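Shown below: coords.txt, with compact mmCIF, N, CA and C atoms.
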# COMPACT_ATOMS: atom_id res chain seq x y z
N MET A 1273 143.18 129.27 20.68
CA MET A 1273 143.64 130.56 20.23
C MET A 1273 144.61 130.33 19.08
N THR A 1274 144.55 131.19 18.09
CA THR A 1274 145.43 131.03 16.93
C THR A 1274 146.66 131.93 17.05
N TYR A 1275 147.68 131.63 16.26
CA TYR A 1275 148.89 132.45 16.25
C TYR A 1275 148.55 133.89 15.89
N GLY A 1276 147.67 134.09 14.93
CA GLY A 1276 147.26 135.43 14.53
C GLY A 1276 146.56 136.18 15.65
N GLN A 1277 145.72 135.49 16.42
CA GLN A 1277 145.03 136.13 17.54
C GLN A 1277 146.01 136.56 18.62
N VAL A 1278 147.02 135.74 18.89
CA VAL A 1278 148.04 136.11 19.87
C VAL A 1278 148.80 137.34 19.40
N ALA A 1279 149.19 137.36 18.14
CA ALA A 1279 149.92 138.51 17.58
C ALA A 1279 149.08 139.78 17.67
N SER A 1280 147.82 139.69 17.32
CA SER A 1280 146.93 140.85 17.38
C SER A 1280 146.77 141.36 18.80
N ALA A 1281 146.57 140.44 19.73
CA ALA A 1281 146.40 140.82 21.13
C ALA A 1281 147.66 141.49 21.69
N ALA A 1282 148.81 141.11 21.16
CA ALA A 1282 150.07 141.71 21.61
C ALA A 1282 150.36 143.04 20.93
N GLY A 1283 149.48 143.44 20.01
CA GLY A 1283 149.67 144.71 19.33
C GLY A 1283 150.42 144.62 18.02
N PHE A 1284 150.54 143.40 17.49
CA PHE A 1284 151.26 143.17 16.24
C PHE A 1284 150.40 142.39 15.26
N PRO A 1285 149.30 142.98 14.79
CA PRO A 1285 148.44 142.25 13.85
C PRO A 1285 149.22 141.87 12.58
N GLY A 1286 148.97 140.68 12.10
CA GLY A 1286 149.66 140.22 10.90
C GLY A 1286 151.01 139.58 11.16
N ALA A 1287 151.37 139.40 12.43
CA ALA A 1287 152.68 138.84 12.76
C ALA A 1287 152.56 137.43 13.34
N ALA A 1288 151.74 136.60 12.72
CA ALA A 1288 151.52 135.24 13.21
C ALA A 1288 152.81 134.42 13.22
N ARG A 1289 153.64 134.58 12.20
CA ARG A 1289 154.90 133.81 12.16
C ARG A 1289 155.86 134.21 13.27
N LEU A 1290 155.85 135.47 13.62
CA LEU A 1290 156.67 135.92 14.73
C LEU A 1290 156.20 135.29 16.03
N THR A 1291 154.89 135.12 16.16
CA THR A 1291 154.32 134.47 17.34
C THR A 1291 154.82 133.03 17.45
N VAL A 1292 154.86 132.33 16.32
CA VAL A 1292 155.36 130.95 16.32
C VAL A 1292 156.78 130.91 16.85
N ARG A 1293 157.63 131.77 16.34
CA ARG A 1293 159.04 131.81 16.78
C ARG A 1293 159.15 132.14 18.26
N ALA A 1294 158.37 133.10 18.72
CA ALA A 1294 158.42 133.50 20.13
C ALA A 1294 158.00 132.35 21.04
N LEU A 1295 156.95 131.64 20.66
CA LEU A 1295 156.49 130.52 21.49
C LEU A 1295 157.51 129.40 21.55
N TRP A 1296 158.16 129.14 20.43
CA TRP A 1296 159.15 128.06 20.41
C TRP A 1296 160.44 128.43 21.12
N SER A 1297 160.78 129.71 21.17
CA SER A 1297 162.03 130.10 21.82
C SER A 1297 161.86 130.37 23.31
N GLY A 1298 160.63 130.56 23.75
CA GLY A 1298 160.37 130.87 25.16
C GLY A 1298 160.25 129.61 25.99
N VAL A 1299 161.02 129.56 27.06
CA VAL A 1299 160.98 128.41 27.96
C VAL A 1299 159.78 128.56 28.90
N GLY A 1300 159.01 127.50 29.03
CA GLY A 1300 157.89 127.51 29.95
C GLY A 1300 156.61 128.12 29.40
N LEU A 1301 156.60 128.51 28.13
CA LEU A 1301 155.38 129.07 27.54
C LEU A 1301 154.47 127.93 27.11
N PRO A 1302 153.16 128.11 27.20
CA PRO A 1302 152.23 127.05 26.82
C PRO A 1302 152.04 126.98 25.30
N TRP A 1303 153.09 126.65 24.59
CA TRP A 1303 153.11 126.65 23.12
C TRP A 1303 152.03 125.77 22.53
N HIS A 1304 151.70 124.68 23.21
CA HIS A 1304 150.76 123.72 22.66
C HIS A 1304 149.32 124.25 22.62
N ARG A 1305 149.04 125.33 23.33
CA ARG A 1305 147.67 125.87 23.37
C ARG A 1305 147.36 126.81 22.22
N VAL A 1306 148.33 127.07 21.38
CA VAL A 1306 148.13 127.97 20.24
C VAL A 1306 148.19 127.14 18.96
N VAL A 1307 147.18 127.31 18.13
CA VAL A 1307 147.08 126.54 16.88
C VAL A 1307 146.97 127.48 15.69
N ALA A 1308 147.04 126.93 14.51
CA ALA A 1308 146.92 127.72 13.28
C ALA A 1308 145.44 128.08 13.04
N ALA A 1309 145.22 128.93 12.07
CA ALA A 1309 143.86 129.38 11.74
C ALA A 1309 142.93 128.20 11.52
N GLY A 1310 141.73 128.33 12.01
CA GLY A 1310 140.74 127.27 11.84
C GLY A 1310 140.94 126.09 12.76
N GLY A 1311 141.85 126.20 13.73
CA GLY A 1311 142.08 125.11 14.68
C GLY A 1311 143.04 124.05 14.21
N ARG A 1312 143.69 124.30 13.11
CA ARG A 1312 144.61 123.31 12.53
C ARG A 1312 145.92 123.25 13.32
N ILE A 1313 146.39 122.04 13.57
CA ILE A 1313 147.71 121.86 14.16
C ILE A 1313 148.70 121.92 13.01
N ALA A 1314 149.52 122.97 13.02
CA ALA A 1314 150.42 123.22 11.89
C ALA A 1314 151.78 122.55 12.06
N LEU A 1315 152.08 122.08 13.24
CA LEU A 1315 153.37 121.44 13.48
C LEU A 1315 153.40 120.08 12.81
N ARG A 1316 154.54 119.71 12.31
CA ARG A 1316 154.70 118.45 11.58
C ARG A 1316 155.29 117.36 12.47
N GLY A 1317 155.04 116.13 12.11
CA GLY A 1317 155.66 114.98 12.74
C GLY A 1317 155.39 114.87 14.23
N GLY A 1318 156.45 114.55 14.96
CA GLY A 1318 156.34 114.32 16.39
C GLY A 1318 155.88 115.53 17.18
N ASP A 1319 156.26 116.73 16.72
CA ASP A 1319 155.84 117.95 17.42
C ASP A 1319 154.32 118.12 17.33
N GLY A 1320 153.76 117.87 16.17
CA GLY A 1320 152.31 117.95 16.00
C GLY A 1320 151.58 116.89 16.81
N GLU A 1321 152.14 115.70 16.84
CA GLU A 1321 151.54 114.62 17.63
C GLU A 1321 151.58 114.97 19.11
N GLU A 1322 152.69 115.54 19.57
CA GLU A 1322 152.80 115.95 20.97
C GLU A 1322 151.79 117.05 21.31
N GLN A 1323 151.63 118.01 20.39
CA GLN A 1323 150.67 119.09 20.62
C GLN A 1323 149.26 118.52 20.75
N ARG A 1324 148.89 117.64 19.85
CA ARG A 1324 147.54 117.05 19.91
C ARG A 1324 147.36 116.25 21.20
N LEU A 1325 148.37 115.49 21.60
CA LEU A 1325 148.30 114.71 22.83
C LEU A 1325 148.11 115.63 24.04
N ARG A 1326 148.90 116.69 24.12
CA ARG A 1326 148.78 117.63 25.24
C ARG A 1326 147.39 118.26 25.29
N LEU A 1327 146.89 118.67 24.14
CA LEU A 1327 145.56 119.27 24.09
C LEU A 1327 144.48 118.26 24.47
N THR A 1328 144.61 117.04 24.00
CA THR A 1328 143.65 115.99 24.34
C THR A 1328 143.64 115.74 25.84
N LEU A 1329 144.83 115.69 26.45
CA LEU A 1329 144.93 115.47 27.90
C LEU A 1329 144.30 116.62 28.69
N GLU A 1330 144.26 117.80 28.10
CA GLU A 1330 143.63 118.95 28.76
C GLU A 1330 142.13 119.02 28.49
N GLY A 1331 141.60 118.06 27.73
CA GLY A 1331 140.17 118.00 27.48
C GLY A 1331 139.70 118.77 26.26
N VAL A 1332 140.61 119.14 25.38
CA VAL A 1332 140.24 119.86 24.16
C VAL A 1332 139.59 118.89 23.17
N ALA A 1333 138.47 119.32 22.62
CA ALA A 1333 137.74 118.48 21.65
C ALA A 1333 138.24 118.76 20.23
N PHE A 1334 138.28 117.71 19.43
CA PHE A 1334 138.70 117.81 18.04
C PHE A 1334 137.56 117.38 17.13
N GLN A 1335 137.56 117.94 15.95
CA GLN A 1335 136.69 117.46 14.88
C GLN A 1335 137.62 117.12 13.73
N GLY A 1336 137.84 115.84 13.54
CA GLY A 1336 138.84 115.41 12.57
C GLY A 1336 140.23 115.80 13.07
N ARG A 1337 140.95 116.57 12.27
CA ARG A 1337 142.31 116.97 12.64
C ARG A 1337 142.38 118.39 13.20
N ARG A 1338 141.22 118.99 13.46
CA ARG A 1338 141.18 120.38 13.92
C ARG A 1338 140.56 120.51 15.30
N VAL A 1339 141.06 121.49 16.05
CA VAL A 1339 140.49 121.81 17.34
C VAL A 1339 139.11 122.41 17.13
N ARG A 1340 138.16 122.05 17.96
CA ARG A 1340 136.82 122.65 17.90
C ARG A 1340 136.92 124.06 18.46
N MET A 1341 137.21 125.01 17.58
CA MET A 1341 137.42 126.40 17.99
C MET A 1341 136.14 127.03 18.56
N ASP A 1342 134.99 126.51 18.17
CA ASP A 1342 133.74 127.03 18.74
C ASP A 1342 133.63 126.72 20.23
N LEU A 1343 134.37 125.73 20.70
CA LEU A 1343 134.37 125.37 22.12
C LEU A 1343 135.59 125.87 22.88
N HIS A 1344 136.72 126.04 22.19
CA HIS A 1344 137.98 126.27 22.87
C HIS A 1344 138.73 127.51 22.41
N ASN A 1345 138.06 128.52 21.93
CA ASN A 1345 138.76 129.70 21.43
C ASN A 1345 138.72 130.83 22.45
N GLY A 1346 139.70 130.87 23.33
CA GLY A 1346 139.80 131.95 24.30
C GLY A 1346 140.56 133.10 23.69
N VAL A 1347 139.90 134.22 23.50
CA VAL A 1347 140.54 135.38 22.87
C VAL A 1347 140.84 136.42 23.94
N PRO A 1348 142.10 136.81 24.08
CA PRO A 1348 142.44 137.81 25.10
C PRO A 1348 141.99 139.21 24.69
N ARG A 1349 141.95 140.09 25.67
CA ARG A 1349 141.66 141.49 25.36
C ARG A 1349 142.82 142.06 24.58
N ARG A 1350 142.53 142.93 23.66
CA ARG A 1350 143.57 143.54 22.82
C ARG A 1350 144.32 144.60 23.61
N ARG A 1351 145.63 144.64 23.43
CA ARG A 1351 146.46 145.65 24.07
C ARG A 1351 146.24 147.00 23.40
N THR A 1352 146.34 148.06 24.17
CA THR A 1352 146.18 149.39 23.60
C THR A 1352 147.52 150.03 23.29
N THR A 1353 148.59 149.52 23.89
CA THR A 1353 149.94 150.03 23.61
C THR A 1353 150.85 148.86 23.30
N ARG A 1354 151.94 149.14 22.64
CA ARG A 1354 152.91 148.08 22.34
C ARG A 1354 153.73 147.78 23.58
N PRO A 1355 154.23 146.54 23.69
CA PRO A 1355 155.06 146.18 24.84
C PRO A 1355 156.27 147.11 24.93
N GLY A 1356 156.62 147.49 26.15
CA GLY A 1356 157.79 148.34 26.36
C GLY A 1356 157.49 149.82 26.24
N ARG A 1357 156.32 150.16 25.80
CA ARG A 1357 155.90 151.54 25.69
C ARG A 1357 154.77 151.81 26.64
N ARG A 1358 154.69 153.01 27.12
CA ARG A 1358 153.56 153.34 27.97
C ARG A 1358 152.97 154.66 27.53
N LYS A 1359 151.75 154.83 27.87
CA LYS A 1359 151.08 156.07 27.51
C LYS A 1359 151.63 157.20 28.35
N ARG A 1360 151.77 158.35 27.74
CA ARG A 1360 152.22 159.53 28.47
C ARG A 1360 151.06 160.11 29.26
N THR A 1361 151.40 160.56 30.42
CA THR A 1361 150.40 161.25 31.23
C THR A 1361 150.90 162.66 31.50
N THR A 1362 150.08 163.47 32.09
CA THR A 1362 150.48 164.86 32.34
C THR A 1362 151.54 164.95 33.43
N ASN A 1363 151.73 163.86 34.19
CA ASN A 1363 152.73 163.87 35.26
C ASN A 1363 154.13 163.51 34.79
N ASP A 1364 154.29 163.09 33.54
CA ASP A 1364 155.61 162.66 33.03
C ASP A 1364 156.49 163.85 32.73
Rendering of file as structure tokens:
Amino acid sequence: MTYGQVASAAGFPGAARLTVRALWSGVGLPWHRVVAAGGRIALRGGDGEEQRLRLTLEGVAFQGRRVRMDLHNGVPRRRTTRPGRRKRTTND
């Protein structure tokens, strides 16, 4: 799954960079399972190496330096409302 896909699914299309920040600031989030567009590992140095190692240990296939997105692209259902908001009903 890419950063852009996560942002879109959360109701914030075009907010891929915000997704990166959220994943890095959240404790216990599976940050290593989200990659840049086209399956590219965008993290530099040791962080990128750690991400690739974690993905490899989970059985993710690579083609060169990119994740095989045709095999490993799980796309969540898109949200219909933004987080923290709910749809109004006639009972409200």
Could I get the residues of stretch 1273-1338 of chain A with an atom no further than 7 Å from an atom of stretch 1342-1346 of chain A, each paired with its nearest atom pair and that distance in Å to one decimal, using only N, CA and C atoms, sorted by chain and residue number, as a Markdown table?
| residue | atom | partner | partner_atom | distance |
| --- | --- | --- | --- | --- |
| A:Met1273 | N | A:Asn1345 | CA | 4.5 |
| A:Thr1274 | N | A:Asn1345 | CA | 6.8 |
| A:Val1332 | CA | A:His1344 | CA | 6.9 |
| A:Ala1333 | N | A:His1344 | N | 7.0 |
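Counting only C-alpha atoms, the residue from A:Gly1276, A:Ala1308, A:Gln1335, A:Trp1303 that sits nearest to A:Glu1322 is A:Trp1303.
Atom pair atom C of A:Arg1340 / atom N of A:Gly1298 has a distance of 25.1 Å (rounded to one decimal).
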Stretch 1275-1358 of chain A: which residues are helix (DSSP H, G or I) by DSSP, as a PyMOL selection string?
chain A and resi 1275-1281+1288-1297+1303-1305+1309-1311+1317-1329+1341-1344
Within 12 Å of A:Arg1338, counting only C-alpha atoms, which residues show up once you throw out same-chain ones fewer than 6 positions away? Write them as a PyMOL selection string, please.
chain A and resi 1274+1307-1314+1320+1323-1324+1327-1328+1332+1344
Hey, can I get the axis-aligned box for stretch 1282-1288 of chain A? All listed atoms, 3 Å padding on each side, centre and edge lengths in Å to one decimal, as JSON.
{"center_x": 150.6, "center_y": 139.6, "center_z": 16.3, "size_x": 10.4, "size_y": 16.3, "size_z": 16.7}
Would you please give, as a PDB file with N, CA and C atoms, in the frame of the given file, all residues of chain A that DSSP assigns to strand (DSSP E or B) based on the backbone?
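Generated output (out-v1.pdb):
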ATOM      1  N   THR A1274     144.550 131.190  18.090  1.00  0.00           N
ATOM      2  CA  THR A1274     145.430 131.030  16.930  1.00  0.00           C
ATOM      3  C   THR A1274     146.660 131.930  17.050  1.00  0.00           C
ATOM      4  N   VAL A1307     147.180 127.310  18.130  1.00  0.00           N
ATOM      5  CA  VAL A1307     147.080 126.540  16.880  1.00  0.00           C
ATOM      6  C   VAL A1307     146.970 127.480  15.690  1.00  0.00           C
ATOM      7  N   ARG A1312     143.690 124.300  13.110  1.00  0.00           N
ATOM      8  CA  ARG A1312     144.610 123.310  12.530  1.00  0.00           C
ATOM      9  C   ARG A1312     145.920 123.250  13.320  1.00  0.00           C
ATOM     10  N   PHE A1334     138.280 117.710  19.430  1.00  0.00           N
ATOM     11  CA  PHE A1334     138.700 117.810  18.040  1.00  0.00           C
ATOM     12  C   PHE A1334     137.560 117.380  17.130  1.00  0.00           C
ATOM     13  N   GLN A1335     137.560 117.940  15.950  1.00  0.00           N
ATOM     14  CA  GLN A1335     136.690 117.460  14.880  1.00  0.00           C
ATOM     15  C   GLN A1335     137.620 117.120  13.730  1.00  0.00           C
ATOM     16  N   ARG A1338     141.220 118.990  13.460  1.00  0.00           N
ATOM     17  CA  ARG A1338     141.180 120.380  13.920  1.00  0.00           C
ATOM     18  C   ARG A1338     140.560 120.510  15.300  1.00  0.00           C
ATOM     19  N   VAL A1339     141.060 121.490  16.050  1.00  0.00           N
ATOM     20  CA  VAL A1339     140.490 121.810  17.340  1.00  0.00           C
ATOM     21  C   VAL A1339     139.110 122.410  17.130  1.00  0.00           C
TER      22      VAL A1339
END
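Here atom CA of A:Ala1294 and atom C of A:Arg1326 stand 19.5 Å from one another.
Atom CA of A:Tyr1275 lies 6.6 Å from atom N of A:Arg1289.
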